[in-house]
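Source file: model_4.txt. Holds: compact mmCIF, C-alpha atoms.
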# COMPACT_ATOMS: atom_id res chain seq x y z
CA MET K 1 -42.47 -37.13 -85.62
CA VAL K 2 -40.87 -33.93 -86.96
CA VAL K 3 -43.90 -31.92 -85.86
CA LEU K 4 -43.82 -33.52 -82.41
CA LYS K 5 -40.12 -32.70 -82.02
CA GLU K 6 -40.76 -29.07 -82.90
CA LEU K 7 -43.70 -28.86 -80.51
CA LEU K 8 -41.67 -30.42 -77.69
CA ARG K 9 -39.32 -27.45 -77.86
CA ASP K 10 -42.14 -25.47 -76.28
CA GLY K 11 -42.09 -25.91 -72.49
CA LYS K 12 -45.86 -25.51 -72.24
CA PHE K 13 -46.48 -28.26 -74.77
CA THR K 14 -43.90 -30.56 -73.16
CA PHE K 15 -45.55 -30.26 -69.75
CA ALA K 16 -49.04 -30.77 -71.18
CA PHE K 17 -47.89 -33.69 -73.34
CA ILE K 18 -46.29 -35.48 -70.38
CA VAL K 19 -49.41 -34.98 -68.23
CA MET K 20 -51.71 -36.25 -70.99
CA CYS K 21 -49.48 -39.30 -71.55
CA ILE K 22 -49.68 -40.12 -67.83
CA LEU K 23 -53.47 -39.74 -67.85
CA ILE K 24 -53.79 -41.94 -70.93
CA ILE K 25 -51.59 -44.60 -69.32
CA LEU K 26 -53.80 -44.50 -66.22
CA ALA K 27 -56.88 -44.82 -68.45
CA ILE K 28 -55.39 -47.90 -70.15
CA LEU K 29 -54.46 -49.30 -66.74
CA SER K 30 -58.15 -49.24 -65.81
CA PHE K 31 -58.73 -52.29 -68.01
CA PHE K 32 -56.60 -54.29 -65.56
CA SER K 33 -58.53 -53.23 -62.46
CA PRO K 34 -58.87 -56.10 -59.97
CA TYR K 35 -62.24 -54.73 -58.85
CA ASP K 36 -65.62 -54.23 -60.45
CA LEU K 37 -66.17 -50.52 -59.81
CA SER K 38 -69.94 -50.94 -60.09
CA ILE K 39 -69.90 -52.98 -56.86
CA TRP K 40 -69.62 -51.37 -53.44
CA ASN K 41 -67.93 -52.71 -50.30
CA VAL K 42 -65.24 -54.75 -52.04
CA VAL K 43 -62.47 -53.28 -49.84
CA PRO K 44 -62.43 -51.88 -46.26
CA ARG K 45 -63.97 -48.41 -46.02
CA ASP K 46 -62.27 -45.05 -45.40
CA LEU K 47 -58.67 -46.22 -45.25
CA PRO K 48 -55.98 -43.56 -45.82
CA PRO K 49 -53.32 -44.00 -48.52
CA SER K 50 -50.98 -46.89 -47.83
CA ALA K 51 -48.77 -49.41 -49.58
CA GLN K 52 -51.77 -51.66 -50.18
CA TYR K 53 -54.18 -48.89 -51.21
CA ILE K 54 -52.11 -46.20 -52.93
CA LEU K 55 -54.81 -43.53 -52.77
CA GLY K 56 -56.81 -45.02 -49.92
CA THR K 57 -60.38 -46.23 -50.00
CA ASN K 58 -63.69 -44.39 -49.87
CA SER K 59 -66.89 -44.68 -47.89
CA LYS K 60 -68.40 -46.85 -50.62
CA GLY K 61 -65.80 -49.52 -50.00
CA GLN K 62 -63.92 -48.92 -53.26
CA ASP K 63 -60.22 -48.47 -54.01
CA VAL K 64 -59.79 -44.78 -54.92
CA PHE K 65 -56.82 -45.43 -57.22
CA TRP K 66 -58.65 -47.92 -59.44
CA GLU K 67 -61.80 -45.78 -59.35
CA MET K 68 -59.66 -42.88 -60.55
CA THR K 69 -58.28 -44.86 -63.51
CA VAL K 70 -61.78 -45.82 -64.67
CA ALA K 71 -62.99 -42.24 -64.13
CA ILE K 72 -60.15 -40.85 -66.26
CA ARG K 73 -60.93 -43.37 -69.02
CA ASN K 74 -64.64 -42.52 -69.08
CA SER K 75 -64.10 -38.76 -68.91
CA LEU K 76 -61.53 -38.80 -71.71
CA LEU K 77 -63.69 -41.07 -73.86
CA MET K 78 -66.69 -38.79 -73.38
CA ALA K 79 -64.57 -35.72 -74.25
CA VAL K 80 -63.14 -37.36 -77.39
CA ILE K 81 -66.61 -38.39 -78.59
CA ALA K 82 -67.94 -34.87 -78.02
CA ALA K 83 -64.97 -33.25 -79.77
CA PHE K 84 -65.01 -35.63 -82.74
CA PHE K 85 -68.71 -35.38 -83.61
CA SER K 86 -68.91 -31.66 -82.91
CA ARG K 87 -65.95 -31.19 -85.33
CA LEU K 88 -67.84 -33.09 -88.02
CA ILE K 89 -70.84 -30.79 -87.63
CA ALA K 90 -68.71 -27.63 -87.42
CA ILE K 91 -66.66 -28.56 -90.50
CA ALA K 92 -69.72 -29.40 -92.60
CA VAL K 93 -71.64 -26.26 -91.61
CA GLY K 94 -68.66 -23.91 -91.76
CA LEU K 95 -67.31 -25.07 -95.11
CA LEU K 96 -70.68 -25.27 -96.86
CA ALA K 97 -71.93 -21.95 -95.51
CA GLY K 98 -68.70 -20.17 -96.34
CA PHE K 99 -68.33 -21.59 -99.83
CA LYS K 100 -71.94 -21.53 -101.01
CA GLY K 101 -72.87 -18.15 -99.57
CA GLY K 102 -76.24 -16.59 -100.35
CA ARG K 103 -79.34 -18.40 -99.09
CA THR K 104 -77.38 -21.45 -97.97
CA ASP K 105 -75.14 -19.26 -95.82
CA ARG K 106 -78.11 -17.41 -94.32
CA ILE K 107 -79.94 -20.64 -93.44
CA PHE K 108 -76.90 -22.31 -91.89
CA MET K 109 -75.87 -19.20 -89.99
CA SER K 110 -79.40 -18.71 -88.66
CA ILE K 111 -79.28 -22.24 -87.23
CA ASN K 112 -75.71 -21.64 -86.04
CA ASP K 113 -76.60 -18.40 -84.25
CA SER K 114 -79.58 -20.08 -82.62
CA PHE K 115 -77.25 -22.60 -81.01
CA ILE K 116 -74.83 -19.85 -79.98
CA VAL K 117 -77.46 -17.87 -78.07
CA LEU K 118 -78.98 -20.94 -76.40
CA PRO K 119 -78.34 -21.05 -72.63
CA MET K 120 -76.30 -24.26 -72.69
CA LEU K 121 -76.06 -25.01 -68.99
CA PRO K 122 -79.81 -24.76 -68.21
CA ILE K 123 -80.60 -26.92 -71.25
CA LEU K 124 -78.03 -29.53 -70.23
CA ILE K 125 -79.40 -29.47 -66.68
CA LEU K 126 -82.90 -30.06 -68.06
CA LEU K 127 -81.71 -32.91 -70.29
CA GLY K 128 -79.72 -34.37 -67.41
CA SER K 129 -82.74 -34.37 -65.13
CA ILE K 130 -84.86 -36.09 -67.80
CA LEU K 131 -82.30 -38.61 -69.08
CA LYS K 132 -80.33 -39.05 -65.86
CA GLU K 133 -80.42 -42.83 -65.50
CA ARG K 134 -80.19 -43.44 -69.24
CA LEU K 135 -77.08 -41.33 -69.75
CA ASN K 136 -73.80 -43.11 -70.35
CA THR K 137 -70.39 -42.05 -71.60
CA VAL K 138 -71.35 -42.27 -75.28
CA SER K 139 -74.79 -40.66 -75.05
CA LEU K 140 -73.49 -37.77 -72.92
CA GLY K 141 -70.66 -37.23 -75.39
CA LEU K 142 -73.13 -37.11 -78.30
CA ILE K 143 -75.40 -34.67 -76.45
CA LEU K 144 -72.45 -32.37 -75.75
CA ALA K 145 -71.40 -32.65 -79.40
CA VAL K 146 -74.81 -31.40 -80.52
CA PHE K 147 -74.39 -28.26 -78.43
CA GLY K 148 -70.65 -27.73 -78.85
CA TRP K 149 -70.11 -26.93 -82.51
CA ALA K 150 -71.65 -23.52 -83.20
CA TRP K 151 -68.79 -21.15 -82.27
CA ASP K 152 -66.28 -23.28 -84.14
CA ALA K 153 -68.46 -23.49 -87.25
CA ARG K 154 -68.52 -19.69 -87.40
CA LEU K 155 -64.72 -19.58 -87.23
CA ILE K 156 -64.43 -22.13 -90.04
CA ARG K 157 -66.98 -20.19 -92.09
CA SER K 158 -64.96 -16.98 -91.70
CA GLN K 159 -61.81 -18.72 -92.92
CA THR K 160 -63.71 -20.26 -95.85
CA LEU K 161 -65.13 -16.89 -96.87
CA SER K 162 -61.59 -15.55 -97.04
CA LEU K 163 -60.40 -18.51 -99.10
CA ARG K 164 -63.31 -18.21 -101.52
CA GLU K 165 -62.14 -14.75 -102.55
CA ARG K 166 -58.62 -15.86 -103.42
CA GLU K 167 -57.46 -16.37 -106.97
CA PHE K 168 -56.79 -20.10 -106.67
CA THR K 169 -60.54 -20.68 -106.09
CA ASN K 170 -61.51 -19.12 -109.41
CA THR K 171 -58.64 -20.88 -111.14
CA ALA K 172 -59.69 -24.26 -109.77
CA LEU K 173 -63.34 -23.78 -110.73
CA LEU K 174 -62.50 -22.54 -114.22
CA SER K 175 -60.18 -25.49 -114.74
CA GLY K 176 -63.10 -27.85 -114.06
CA GLN K 177 -62.24 -29.00 -110.57
CA LYS K 178 -65.27 -30.31 -108.73
CA VAL K 179 -66.60 -28.38 -105.77
CA TYR K 180 -66.17 -31.17 -103.22
CA GLU K 181 -62.56 -31.68 -104.39
CA LEU K 182 -61.88 -27.96 -104.00
CA ILE K 183 -63.35 -27.93 -100.51
CA PHE K 184 -61.63 -31.03 -99.18
CA LYS K 185 -58.31 -30.75 -101.02
CA GLU K 186 -57.76 -26.98 -101.02
CA TYR K 187 -59.86 -25.47 -98.24
CA LEU K 188 -59.67 -28.16 -95.58
CA PRO K 189 -55.86 -27.90 -95.07
CA PHE K 190 -56.27 -24.18 -94.34
CA VAL K 191 -58.85 -24.77 -91.62
CA ILE K 192 -57.00 -27.66 -89.92
CA PRO K 193 -55.34 -25.24 -87.42
CA ILE K 194 -58.79 -24.02 -86.35
CA ILE K 195 -60.12 -27.58 -86.19
CA SER K 196 -57.18 -28.77 -84.09
CA ALA K 197 -57.29 -25.92 -81.59
CA THR K 198 -61.07 -25.92 -81.23
CA ALA K 199 -61.15 -29.72 -80.80
CA ILE K 200 -58.92 -29.43 -77.73
CA ASN K 201 -61.01 -26.53 -76.43
CA ASN K 202 -64.14 -28.61 -76.95
CA MET K 203 -62.67 -31.46 -74.90
CA PHE K 204 -61.94 -28.92 -72.15
CA TRP K 205 -65.53 -27.66 -72.27
CA SER K 206 -67.01 -31.17 -72.37
CA VAL K 207 -65.15 -32.35 -69.29
CA GLY K 208 -66.21 -29.19 -67.48
CA MET K 209 -69.86 -29.76 -68.37
CA GLU K 210 -69.71 -33.39 -67.29
CA VAL K 211 -68.18 -32.44 -63.94
CA THR K 212 -70.84 -29.75 -63.43
CA LEU K 213 -73.73 -32.10 -64.22
CA ALA K 214 -72.32 -34.88 -62.06
CA ILE K 215 -71.76 -32.63 -59.04
CA LEU K 216 -75.37 -31.51 -59.36
CA GLY K 217 -76.40 -35.18 -59.48
CA LEU K 218 -77.77 -34.87 -63.02
CA SER K 219 -75.80 -37.63 -64.72
CA ASN K 220 -75.65 -41.38 -64.34
CA LEU K 221 -73.89 -41.61 -60.97
CA THR K 222 -73.24 -45.35 -61.32
CA ILE K 223 -70.62 -44.69 -64.03
CA PRO K 224 -67.25 -43.60 -62.60
CA THR K 225 -66.10 -40.27 -64.02
CA LEU K 226 -64.16 -37.38 -62.55
CA GLY K 227 -67.47 -35.64 -61.93
CA THR K 228 -69.18 -38.57 -60.22
CA MET K 229 -66.12 -39.12 -58.01
CA MET K 230 -66.50 -35.54 -56.79
CA HIS K 231 -70.24 -35.98 -56.35
CA TRP K 232 -69.92 -39.00 -54.09
CA ALA K 233 -67.08 -37.44 -52.09
CA ILE K 234 -69.16 -34.31 -51.52
CA SER K 235 -72.27 -36.35 -50.72
CA TYR K 236 -70.40 -38.33 -48.07
CA GLN K 237 -68.81 -35.11 -46.69
CA ALA K 238 -65.30 -36.41 -47.31
CA MET K 239 -63.59 -33.11 -46.40
CA LEU K 240 -65.60 -32.65 -43.21
CA LEU K 241 -64.79 -36.19 -42.06
CA GLY K 242 -61.12 -35.86 -42.98
CA TYR K 243 -61.11 -38.21 -45.98
CA TRP K 244 -59.08 -35.70 -47.97
CA TRP K 245 -57.64 -38.32 -50.36
CA TRP K 246 -61.11 -39.11 -51.69
CA ILE K 247 -61.98 -35.56 -52.75
CA ALA K 248 -58.41 -34.51 -53.55
CA THR K 249 -57.88 -37.26 -56.14
CA PRO K 250 -60.56 -36.20 -58.68
CA VAL K 251 -59.94 -32.50 -58.03
CA VAL K 252 -56.19 -32.74 -58.67
CA VAL K 253 -56.68 -34.95 -61.74
CA SER K 254 -59.32 -32.57 -63.13
CA VAL K 255 -57.07 -29.54 -62.61
CA LEU K 256 -54.17 -31.31 -64.34
CA LEU K 257 -56.45 -32.33 -67.21
CA PHE K 258 -57.84 -28.80 -67.63
CA VAL K 259 -54.39 -27.18 -67.47
CA SER K 260 -52.85 -29.66 -69.90
CA LEU K 261 -55.70 -29.30 -72.42
CA TYR K 262 -55.43 -25.51 -72.22
CA LEU K 263 -51.66 -25.56 -72.73
CA LEU K 264 -52.00 -28.02 -75.61
CA SER K 265 -54.55 -25.73 -77.26
CA VAL K 266 -52.31 -22.67 -76.88
CA SER K 267 -49.19 -24.48 -78.09
CA VAL K 268 -50.88 -26.08 -81.11
CA SER K 269 -52.52 -22.77 -82.08
CA GLN K 270 -49.19 -20.96 -81.91
CA TYR K 271 -47.43 -23.67 -83.88
CA LEU K 272 -50.04 -23.74 -86.65
CA ASP K 273 -50.36 -19.95 -86.83
CA PRO K 274 -48.67 -18.85 -90.11
CA ARG K 275 -47.29 -15.68 -88.50
CA THR K 276 -45.65 -17.63 -85.69
CA ARG K 277 -44.29 -20.12 -88.22
CA MET K 278 -42.66 -17.31 -90.22
CA GLN K 279 -41.08 -15.97 -87.03
CA ARG K 280 -39.66 -19.44 -86.30
CA ILE K 281 -38.26 -19.73 -89.81
CA GLY K 282 -36.74 -16.28 -89.52
CA SER K 283 -35.14 -16.99 -86.17
CA THR K 284 -33.77 -20.30 -87.49
CA LYS K 285 -32.11 -18.51 -90.41
CA VAL K 286 -30.57 -15.95 -88.09
CA VAL K 287 -29.13 -18.72 -85.90
CA LYS K 288 -27.64 -20.43 -88.95

Representation of the structure as structure tokens:
Amino acid sequence: MVVLKELLRDGKFTFAFIVMCILIILAILSFFSPYDLSIWNVVPRDLPPSAQYILGTNSKGQDVFWEMTVAIRNSLLMAVIAAFFSRLIAIAVGLLAGFKGGRTDRIFMSINDSFIVLPMLPILILLGSILKERLNTVSLGLILAVFGWAWDARLIRSQTLSLREREFTNTALLSGQKVYELIFKEYLPFVIPIISATAINNMFWSVGMEVTLAILGLSNLTIPTLGTMMHWAISYQAMLLGYWWWIATPVVVSVLLFVSLYLLSVSVSQYLDPRTRMQRIGSTKVVK
């Protein structure tokens, strides 16, 4: 709670936090949807926003508001899965490569660099075209996790290399502390700022990739996500026919999600940065 109070002093974090809370509430609200969003023609088609249909209806005969809540839930779930599993890979590779060094470091970094230079979008397009109908929220999140860890692992490795050269490492090893205890008890707290910031960035990237694949029609279009909402609105020429509420809803939500994730990443990085923390401590002392 103390950390949250300090972060809320930052206007950027406050705005992003409020937006994310609203999106999470909407995602939870999706569980109470009165409609099965896999079924079409459950409500009148192409109705503008009204008291009965807050965000109108679409050409598939679905309530746009309830479709939006399910889309937010699926997109956030996919992003969290991608960020979580990619962090596990990045932490394991970065810490082991940085601490072990030598041949282990060369092997891990060769694999790491191979993933960095891979053309991600063409590969994801290829996988999407092959696995299109079999993709779901979990499988897409896992696929994105496999391709979303390399840059972050290199950052963690760099931090670990720096920590390995410090005196406390030699002291711990000479005192008989086990390697895994040193890594997880001493090194891991130092790389948490990198893990936190890159996890948010990875969520940002994952949602962007999902939207891109869905707009291209290379994901499972029967599952409501922010990307598939845009795909169907574009396919039915919503803007041309004047159904602005259909296309505007996923676009506005996506922009708010991207902006809030970016601001969260910036705010958390600044808060966890030791130099910024020293400046805050200094300014607090001056005020006192």

| message | Counting only C-alpha atoms, which residues sit no farther than 10 Å from the position (-65.2, -29.4, -73.3) in the file's frame? I'd like them as a list of chain:residue names. | response | K:Met78, K:Ala79, K:Val80, K:Ala82, K:Ala83, K:Gly141, K:Leu144, K:Ala145, K:Gly148, K:Thr198, K:Ala199, K:Ile200, K:Asn201, K:Asn202, K:Met203, K:Phe204, K:Trp205, K:Ser206, K:Val207, K:Gly208, K:Met209, K:Glu210, K:Phe258, K:Leu261

| request: Counting all atoms listed in the file, figure out which residue out of K:Thr249, K:Ser260, K:Ser162, K:Ser267 gets nearest to Thr57 of chain K. | output: K:Thr249

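Note that the spacing between atom CA of Ser219 of chain K and atom CA of Glu133 of chain K amounts to 7.0 Å.
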
| query | Can you list, as a PyMOL selection string, every protein, DNA or RNA residue that comes within 8 Å of Thr160 of chain K when you count only C-alpha atoms, leaving out same-chain residues fewer than 6 positions away? | reply | chain K and resi 94-95+98-99+187+191

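Proximity of K:Phe65, K:Phe15, K:Phe32, K:Phe184 to Val253 of chain K, computed with all atoms listed in the file, is greatest for K:Phe65.
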
| Quick one: of K:Arg157, K:Lys185, K:Ile194, K:Trp246, who's nearest to Tyr271 of chain K, counting only C-alpha atoms? |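 Using only C-alpha atoms, the shortest distance to Tyr271 of chain K belongs to K:Ile194.
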
| field | Counting all atoms listed in the file, the residue of K:Gln159, K:Asp152, K:Arg103, K:Pro122 that sits nearest Ala90 of chain K | value |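 Nearest to Ala90 of chain K: K:Asp152.
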
| task | Rounded to one decimal place, report the atom CA of Val259 of chain K-atom CA of Val19 of chain K distance in Å. | result |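 Those two atoms sit 9.3 Å apart.
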